[in-house]
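To start, the structure itself, in structure tokens.
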Amino acid sequence: MANTVIESDLSLVRDITKLGGGSLKKCFQCATCSVVCNLSSDDRPFPRKEMIWAQWGLKDKLLSDPDVWRCYQCGDCSVYCPRGAKPAEVMGAIRNYSFKNYAQPKFMGTLLSSPKYLPLLFAVPVILFLLVLNGIGALSAVPSGPIAFTRFDNYVDVIFVTVSVLVLAALGTGVLKFWKNMDRNNTHGEAYGTTGIFQSILLAAEEVLTHRNFKKCEANSIRFTGHFAAFYGFIALFIVTSIVFIGDRVFHMVLPMGQENPVKVLGNLGAAALIIGCSVAVYNRTARTQQAGESSYYDWLFLGILFSIGVTGLSTELIRLAGDAPAAYWSYFIHLVFVFCLIAYFPYSKFAHLLYRFVAIVYARYSGMSEPAQAAEPEKPEVKSVA
Ligand code: SF4
Ligand code: SF4
């Protein structure tokens with residue numbers, strides 16, 4: 001009989017504990033969590049197997065597991081876990097571990113993993129934008145004339161285009177490695193070719209855009225509401241920013257737009273949806289900890305940056321309309337700092353879940369893993385947490 005070699009990384013439990021999965025060791029493998037999870041499928045039940053892999057230090061298995069990303073952290077499994085092992089939080093911690101592990105360069109993953117580096121992360125954009133202000137002489141005197149943020153365009157473009165290129169390279173490297181790892185360790189999906197890659201991409205896009213599986217959350221359904229609002233608020237703002245960027249730089253569009261302009265209306269609605277969505281998420285994570293579970297540093301950092309972008313974007317516009325030039329420019333400055341943090345730290349923060357989840361769903365469809373909807377709806381057991 002062939003020997004099976006298990007490569008165990010003994011530091012994994014410590015790392016997962018630090019990243020929000022401190023209850024991991026309580027698991028006694030009863031499998032209740034996999035039974036109650038509405039997203040788990042018959043051929044690849046989760047999250048019990050991830051709990052075992054994490055306890056045994058099977059780092060490679062976890063890093064190449066698409067099911068880690070098919071979980072939306074609804075918390076149903078944690079509610080029913082008889083040991084209080086909080087599998088939902090452990091799954092979240094494994095995803096945090098993945099951001100850190102796939103990060104290139106590695107030191108960026110470390111910088112984003114602990115609050116002690118937060119001042120440094122914010123110091124970078126603050127110093128950069130102070131240099132910009134100094135470069136155009138706006139530090140010593142408020143620019144004269146009407147309030148126009150376009151006067152910073154040349155400097156802002158250089159910073160954001162450079163950062164975007166670096167971020168795309170880092171994301172591409174991480175995602176490629178993730179795909180290769182999933183493929184190397186795939187022992188379930190023999191049915192390649194049943195669903196072509198383009199069809200798999202379309203199916204994954206449909207799942208993400210409709211939040212179809214996210215809706216199946218029961219214990220913590222409010223999480224779906226907050227995520228849906230923040231997601232579409234962000235999409236609206238992304239579309240508006242792209243239109244303004246291309247319109248301004250290529251077609252020399254007249255800015256600022258009037259309040260009745262459809263692009264402006266979309267921007268304002270997007271900002272409102274983002275703020276509302278983030279507020280719901282904050283409420284859920286602070287006032288409903290029993291259902292939402294404990295939040296990690298990754299959760300708060302990402303939520304804080306998104307929320308701040310919505311608030312500073314809206315306040316910058318209101319202050320500009322009020323005609324207070326110094327306050328408007330400083331508000332814009334703070335807004336740019338948060339936008340920089342969102343974009344520059346994308347591959348290393350929770351923001352990256354957007355891409356890794358999408359890629360994992362594409363891979364699941366492409367490799368023939370069954371959809372949760374194909375599994376029989378599990379009957380919820382009468383179990384109460386004892387820990
Ligand atoms: S329900 Fe709890 S104890 Fe049972 S396998 Fe899942 S995490 Fe472990
Ligand atoms: S948190 Fe929800 S989606 Fe994730 S494993 Fe638990 S029950 Fe399933």
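Labels used: A, B, ... for chains in the order of the structure tokens, numbers from 1 for residues in each chain, and numbers from 1 for ligands as shown.
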Residues of segment 59-287 of chain A classed as helix (DSSP H, G or I) by DSSP on the backbone are to be reported as a short mmCIF file (atom, residue, chain, number, x, y, z; two decimals) with C-alpha atoms, in the first residue's frame.
```cif
data_model
loop_
_atom_site.label_atom_id
_atom_site.label_comp_id
_atom_site.auth_asym_id
_atom_site.auth_seq_id
_atom_site.Cartn_x
_atom_site.Cartn_y
_atom_site.Cartn_z
CA LYS A 59 -1.71 24.85 4.71
CA ASP A 60 -1.51 23.78 1.05
CA LYS A 61 -4.94 22.20 1.17
CA LEU A 62 -6.50 25.36 2.56
CA LEU A 63 -4.73 27.70 0.17
CA ASP A 67 -14.77 26.13 -0.95
CA VAL A 68 -13.10 28.59 1.41
CA TRP A 69 -14.32 31.28 -1.01
CA ARG A 70 -17.75 29.77 -1.66
CA ASP A 76 -25.43 29.72 10.16
CA CYS A 77 -22.80 27.06 10.94
CA SER A 78 -21.51 28.96 13.99
CA VAL A 79 -25.03 29.24 15.39
CA TYR A 80 -25.52 25.46 15.20
CA PRO A 87 -16.52 27.69 11.88
CA ALA A 88 -17.79 30.84 10.10
CA GLU A 89 -15.07 32.92 11.76
CA VAL A 90 -12.47 30.26 11.05
CA MET A 91 -13.40 30.31 7.36
CA GLY A 92 -13.01 34.10 7.44
CA ALA A 93 -9.61 33.72 9.13
CA ILE A 94 -8.52 31.24 6.44
CA ARG A 95 -9.42 33.80 3.78
CA ASN A 96 -7.40 36.43 5.68
CA TYR A 97 -4.54 33.95 5.77
CA SER A 98 -4.88 33.52 2.00
CA PHE A 99 -4.64 37.30 1.32
CA LYS A 100 -1.44 37.36 3.31
CA ASN A 101 -0.05 34.27 1.64
CA TYR A 102 -0.77 35.19 -1.95
CA LYS A 106 5.30 39.47 0.84
CA PHE A 107 6.05 42.39 3.14
CA MET A 108 2.84 44.07 1.95
CA GLY A 109 0.85 41.10 3.22
CA THR A 110 2.51 41.52 6.61
CA LEU A 111 1.85 45.29 6.68
CA PRO A 115 -2.97 47.27 13.29
CA LYS A 116 0.55 48.17 14.40
CA TYR A 117 1.39 49.02 10.78
CA LEU A 118 -1.71 51.16 10.23
CA PRO A 119 0.04 54.53 10.82
CA LEU A 120 2.63 53.58 8.21
CA LEU A 121 -0.04 52.57 5.68
CA PHE A 122 -1.73 55.95 6.00
CA ALA A 123 1.52 57.91 6.21
CA VAL A 124 2.43 56.87 2.65
CA PRO A 125 -0.51 58.58 0.86
CA VAL A 126 -0.51 61.53 3.29
CA ILE A 127 3.12 62.29 2.49
CA LEU A 128 2.57 61.75 -1.24
CA PHE A 129 -0.39 64.14 -1.41
CA LEU A 130 1.33 66.72 0.80
CA LEU A 131 4.16 66.71 -1.73
CA VAL A 132 1.57 67.26 -4.48
CA LEU A 133 0.05 70.22 -2.64
CA ASN A 134 3.49 71.61 -2.00
CA GLY A 135 4.38 71.12 -5.69
CA PHE A 149 -10.17 69.75 -8.08
CA THR A 150 -9.03 69.31 -11.69
CA ARG A 151 -6.01 71.53 -10.91
CA PHE A 152 -4.48 68.45 -9.19
CA ASP A 153 -5.13 66.15 -12.17
CA ASN A 154 -1.58 65.81 -13.48
CA TYR A 155 -0.12 64.84 -10.11
CA VAL A 156 -3.03 62.65 -9.09
CA ASP A 157 -2.90 60.82 -12.43
CA VAL A 158 0.79 59.97 -12.07
CA ILE A 159 0.23 58.58 -8.56
CA PHE A 160 -2.91 56.57 -9.31
CA VAL A 161 -1.84 55.23 -12.69
CA THR A 162 1.49 54.04 -11.24
CA VAL A 163 -0.22 52.46 -8.24
CA SER A 164 -2.87 50.81 -10.44
CA VAL A 165 -0.25 49.19 -12.67
CA LEU A 166 1.61 47.79 -9.63
CA VAL A 167 -1.64 46.57 -8.09
CA LEU A 168 -2.75 44.83 -11.28
CA ALA A 169 0.62 43.05 -11.47
CA ALA A 170 0.34 41.94 -7.82
CA LEU A 171 -3.25 40.78 -8.26
CA GLY A 172 -2.43 38.92 -11.47
CA THR A 173 0.47 37.09 -9.80
CA GLY A 174 -1.61 36.13 -6.77
CA VAL A 175 -4.63 34.97 -8.73
CA LEU A 176 -2.55 32.93 -11.17
CA LYS A 177 -0.87 31.17 -8.27
CA PHE A 178 -4.25 30.55 -6.65
CA TRP A 179 -5.64 29.01 -9.86
CA LYS A 180 -2.58 26.77 -10.28
CA ASN A 181 -2.85 25.63 -6.65
CA MET A 182 -6.56 24.80 -7.04
CA ASP A 183 -5.78 22.84 -10.17
CA ARG A 184 -2.85 20.94 -8.64
CA ILE A 197 -14.21 28.72 -19.39
CA PHE A 198 -16.28 31.56 -20.88
CA GLN A 199 -19.52 30.04 -19.71
CA SER A 200 -17.94 29.50 -16.28
CA ILE A 201 -16.99 33.18 -16.15
CA LEU A 202 -20.54 34.19 -17.08
CA LEU A 203 -22.04 31.89 -14.44
CA ALA A 204 -19.68 33.25 -11.80
CA ALA A 205 -20.49 36.85 -12.81
CA GLU A 206 -24.20 36.07 -12.54
CA GLU A 207 -23.72 34.58 -9.05
CA VAL A 208 -21.70 37.55 -7.85
CA LEU A 209 -23.95 40.22 -9.39
CA THR A 210 -27.21 38.72 -8.14
CA PHE A 214 -25.47 35.05 -0.46
CA LYS A 215 -29.27 35.30 -0.19
CA LYS A 216 -29.37 31.81 1.32
CA ILE A 222 -29.02 41.42 7.40
CA ARG A 223 -25.45 40.87 6.23
CA PHE A 224 -26.81 40.28 2.73
CA THR A 225 -28.64 43.64 2.80
CA GLY A 226 -25.55 45.58 3.85
CA HIS A 227 -23.30 43.80 1.38
CA PHE A 228 -25.75 44.26 -1.50
CA ALA A 229 -26.08 48.02 -0.90
CA ALA A 230 -22.32 48.57 -0.45
CA PHE A 231 -21.52 46.40 -3.49
CA TYR A 232 -23.82 48.30 -5.87
CA GLY A 233 -22.88 51.66 -4.32
CA PHE A 234 -19.27 50.87 -5.04
CA ILE A 235 -20.04 49.74 -8.61
CA ALA A 236 -21.95 52.99 -9.25
CA LEU A 237 -19.04 55.06 -7.94
CA PHE A 238 -16.57 53.08 -10.00
CA ILE A 239 -18.62 53.73 -13.17
CA VAL A 240 -18.93 57.45 -12.37
CA THR A 241 -15.18 57.78 -11.64
CA SER A 242 -14.35 56.04 -14.93
CA ILE A 243 -16.71 58.30 -16.91
CA VAL A 244 -15.31 61.44 -15.27
CA PHE A 245 -11.70 60.30 -15.71
CA ILE A 246 -12.09 59.52 -19.43
CA GLY A 247 -14.41 62.48 -20.04
CA ASP A 248 -12.02 64.93 -18.40
CA ARG A 249 -8.71 63.61 -19.71
CA PRO A 262 -27.31 61.80 -14.76
CA VAL A 263 -23.68 60.92 -14.02
CA LYS A 264 -23.75 63.17 -10.96
CA VAL A 265 -27.08 61.68 -9.86
CA LEU A 266 -25.62 58.18 -10.19
CA GLY A 267 -22.56 59.27 -8.17
CA ASN A 268 -24.69 60.68 -5.36
CA LEU A 269 -26.90 57.58 -5.26
CA GLY A 270 -23.79 55.38 -5.26
CA ALA A 271 -22.25 57.29 -2.34
CA ALA A 272 -25.52 57.05 -0.40
CA ALA A 273 -25.79 53.29 -1.04
CA LEU A 274 -22.17 52.77 -0.01
CA ILE A 275 -22.63 54.69 3.24
CA ILE A 276 -25.91 52.89 4.02
CA GLY A 277 -24.42 49.47 3.20
CA CYS A 278 -21.35 50.10 5.38
CA SER A 279 -23.53 51.43 8.21
CA VAL A 280 -25.64 48.27 8.13
CA ALA A 281 -22.43 46.20 8.21
CA VAL A 282 -21.10 48.18 11.19
CA TYR A 283 -24.42 47.76 13.02
CA ASN A 284 -24.43 44.05 12.27
CA ARG A 285 -20.86 43.58 13.49
CA THR A 286 -21.28 45.62 16.68
CA ALA A 287 -24.88 45.14 17.82
#
```
Shell of 6 Å around ligand 1 (only C-alpha atoms and all ligand atoms), written as a VMD selection string: chain A and resid 27 to 33 48 81 to 83 85 87
For Leu112 of chain A, which of A:Tyr356, A:Leu301, A:Ala322, A:Cys217 is the closest residue, counting only C-alpha atoms? A:Leu301
Please identify all polymer residues within 9 Å of Gly323 of chain A, counting only C-alpha atoms, omitting same-chain residues fewer than 4 positions from it, and present them as a ChimeraX atom specification. /A:146-147,318-319,327-328
Residues at most 6 Å from ligand 2, using only C-alpha atoms and all ligand atoms? Could they come as a ChimeraX atom specification? /A:37,39,46-47,71-77,88
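Atom pair atom CA of Leu10 of chain A / atom CA of Ser40 of chain A: separated by 27.6 Å.
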A:Ala344, A:Leu12, A:Leu58, A:Met369: which is nearest Asp42 of chain A, counting only C-alpha atoms? A:Met369
Counting only C-alpha atoms, the option among A:Lys26, A:Lys49, A:His252, A:His335 closest to Glu317 of chain A: A:His335
